[in-house]
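Here's the structure, in structure tokens; my notes come after.
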Amino acid sequence: MRTQVVIVGGGPSGLLLGQLLHLKGIETIILERKTREYVLGRIRAGILETGLVNMMREAGVAERMDKECFVHDGTCISYENEMFDINFQKLIGQNVVVYGQTEVTRDLYDARDAVGGQTIFEVEGVEIRDADTDAPYVTFTVDGSARRIDCDFVAGCDGFHGVSRKTIPDTVRKDYEKVFPFGWLGVLSETPPVHEELIYANSARGFALCSMRNENLSRYYVQCNVSDDIFEWTDEKFWDELRRRLPEAVADKLVTGPSVEKSIAPLRSFVCEPMRWGRLFLCGDAAHIVPPTGAKGLNTAASDVHYLYEGLVHYYQDKDSHGIDTYSEKALARIWKAERFSWATTNMLHRFPDQSDFDLKMQRAEIESLHHNETAQKWFAQNYVGLPY
């Protein structure tokens with residue numbers, strides 16, 4: 001087989017790249033390790049930055065999103081029994097939308113089906129060969145048969161544990177990582193959201209987040225030990241702990257119910273440099289991870305897709321390689337800013353095991369500065385809705 005671009009990974013970033021390239025007449029084949037049903041069954045965040053919303057529209061897959069999404073003009077931050085609003089629309093004239101990542105992925109799969117794009121599922125043993133030459137190719141096994149795809153470029157959209165990043169030699173690649181000493185326990189419940197906006201809560205008992213998927217589906221989180229046994233977190237224990245971390249006025253309105261899904265996720269910051277090696281390009285979690293505080297995971301992947309898509313279009317249509325030659329530099333410049341925002345917000349809102357009384361006072365001062373300083377709120381709003389590409 002031969003194609004112009006092999007995309008390793010059938011998640012939202014790989015699918016979005018494939019759809020955008022298809023609209024420009026650039027051929028792609030997507031390789032996915034899991035089944036389509038498995039990919040669509042993954043529970044992920046659903047806050048979409050302005051840039052990603054615009055890319056969905058450019059890709060022609062925004063119809064359902066525009067009908068069903070929740071538009072959020074701001075967010076709320078609470079500390080102990082106080083809560084304040086950061087109004088993005090008022091501060092900078094922008095907003096974000098809540099539309100589940102699963103729904104984004106579903107829309108992109110439907111669009112790929114509609115245009116006859118080729119996606120090969122349940123591939124095993126993927127290897128990216130000769131990426132540092134002008135003739136890269138990808139080998140893999142599917143249904144017990146060995147396959148090979150020759151191509152011009154490879155886009156590694158296969159996540160943190162995928163093969164793409166590991167293809168870059170250790171002598172070329174440098175990894176930067178910070179692992180946080182806690183995790184997030186997340187619960188999905190078929191209950192109405194407790195508030196019309198997201199609530200990020202700092203409390204003496206630890207961080208909490210109140211989010212939603214739609215008017216009858218809510219997503220809640222509490223900070224926990226990453227080593228906690230999920231089975232020890234009964235629904236009753238979770239709801240009780242969540243209430244304790246919210247302002248009384250919010251806790252009193254909380255509607256509880258059986259959990260639909262429950263999981264514990266570790267928090268880390270991670271960046272791989274460079275994001276390009278020869279004709280291999282890394283996108284999304286294959287190159288970087290952010291803590292979920294601030295909802296940058298899918299959105300940073302989207303910015304990578306934007307830079308790579310533009311670079312490939314200029315290469316094929318204008319015979320201009322500048323875009324792909326500068327891809328890693330452009331992507332990383334924005335990634336590190338997103339990493340900084342997620343890192344700063346995580347530090348502001350969570351309880352750390354080694355915090356001194358001085359550290360807690362400084363954390364409180366930072367939150368109060370954000371509460372009462374419009375300039376600080378504008379910075380927060382600009383980063384939350386997404387820095388320009």
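Labeling convention for the structure tokens: chains A, B, ... as they appear, residues from 1 per chain, ligands from 1 in order of appearance.
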Mind dumping a table of every segment 80-125 of chain A residue within 10 Å of segment 52-71 of chain A, with the nearest atom pair and its distance in Å to one decimal, using only C-alpha atoms, sorted by chain and rising number, as a tab-separated table?
residue	atom	partner	partner_atom	distance
A:Asn95	CA	A:Val71	CA	7.0
A:Val96	CA	A:Val71	CA	6.1
A:Val97	CA	A:Val71	CA	4.4
A:Val98	CA	A:Phe70	CA	4.9
A:Tyr99	CA	A:Cys69	CA	5.0
A:Gly100	CA	A:Cys69	CA	8.5
A:Glu103	CA	A:Met65	CA	8.1
A:Val104	CA	A:Met65	CA	7.7
A:Arg106	CA	A:Val61	CA	9.9
A:Asp107	CA	A:Val61	CA	6.2
A:Leu108	CA	A:Val61	CA	6.6
A:Tyr109	CA	A:Val61	CA	9.8
A:Asp110	CA	A:Val61	CA	8.8
A:Ala111	CA	A:Val61	CA	6.8
A:Arg112	CA	A:Val61	CA	9.9
Resulting file, chosen residues, C-alpha atoms, as a compact mmCIF listing (two decimals), in the first residue's frame:
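Printed below is out24.txt as written:
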# COMPACT_ATOMS: atom_id res chain seq x y z
CA ASN A 95 -15.82 31.77 25.51
CA VAL A 96 -15.31 28.01 25.57
CA VAL A 97 -17.77 25.22 24.87
CA VAL A 98 -18.43 21.95 26.66
CA TYR A 99 -18.82 19.07 24.21
CA GLY A 100 -17.53 15.65 25.23
CA GLU A 103 -18.70 13.12 20.82
CA VAL A 104 -15.90 14.93 18.99
CA ARG A 106 -17.74 10.13 17.04
CA ASP A 107 -18.38 13.08 14.72
CA LEU A 108 -14.92 12.71 13.19
CA TYR A 109 -15.37 8.96 12.62
CA ASP A 110 -18.73 9.60 10.95
CA ALA A 111 -17.13 12.21 8.71
CA ARG A 112 -14.30 9.85 7.77
All residues 12 Å or closer to Ser145 of chain A, only C-alpha atoms, same chain fewer than 5 positions away omitted, as a short mmCIF file (atom, residue, chain, number, x, y, z; two decimals) with C-alpha atoms, in the first residue's frame:
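Output (around-v5.cif):
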data_model
loop_
_atom_site.label_atom_id
_atom_site.label_comp_id
_atom_site.auth_asym_id
_atom_site.auth_seq_id
_atom_site.Cartn_x
_atom_site.Cartn_y
_atom_site.Cartn_z
CA GLU A 122 -6.67 -3.59 15.71
CA VAL A 123 -3.22 -3.22 14.24
CA GLU A 124 -0.33 -4.78 16.12
CA GLY A 125 3.43 -4.40 16.06
CA THR A 139 4.95 -1.91 8.98
CA PHE A 140 2.33 -3.62 11.13
#
Tell me, in Å to one decimal, how far atom CA of Arg279 of chain A is from atom CA of Trp336 of chain A. 22.9 Å
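Taking atom CA of Tyr176 of chain A and atom CA of Pro291 of chain A as the two end points, the separation is 13.9 Å.
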Find the residues around Leu17 of chain A up to 9 Å (only C-alpha atoms counted), leave out those fewer than 2 positions away in its own chain, and share them as a list in words. Ile7, Pro12, Ser13, Gly14, Leu15, Gln19, Leu20, Leu21, His22, Ala59, Ala155, Ala302, Val305, His306, Leu308 and Tyr309 of chain A
I'd like a table as JSON lines: residues in segment 198-288 of chain A with an atom no more than 12 Å from segment 359-368 of chain A, each row giving the shortest atom pair and its distance in Å to one decimal, only C-alpha atoms counted, sorted by chain and rising residue number.
{"residue": "A:Tyr200", "atom": "CA", "partner": "A:Ile367", "partner_atom": "CA", "distance": 11.3}
{"residue": "A:Ala201", "atom": "CA", "partner": "A:Ile367", "partner_atom": "CA", "distance": 10.7}
{"residue": "A:Asn202", "atom": "CA", "partner": "A:Ile367", "partner_atom": "CA", "distance": 9.0}
{"residue": "A:Ser203", "atom": "CA", "partner": "A:Arg364", "partner_atom": "CA", "distance": 10.2}
{"residue": "A:Ala204", "atom": "CA", "partner": "A:Leu360", "partner_atom": "CA", "distance": 9.5}
{"residue": "A:Gly206", "atom": "CA", "partner": "A:Leu360", "partner_atom": "CA", "distance": 12.0}
Could you tell me, as JSON, numbers by chain, which residues of segment 7-125 of chain A DSSP assigns to helix (DSSP H, G or I) when given the backbone? {"A": [12, 13, 14, 15, 16, 17, 18, 19, 20, 21, 22, 23, 36, 37, 38, 39, 40, 41, 50, 51, 52, 53, 54, 55, 56, 57, 58, 63, 64, 65, 66, 67, 68, 88, 89, 90, 91, 92, 101, 102, 103, 104, 105, 106, 107, 108, 109, 110, 111, 112, 113, 114, 115]}
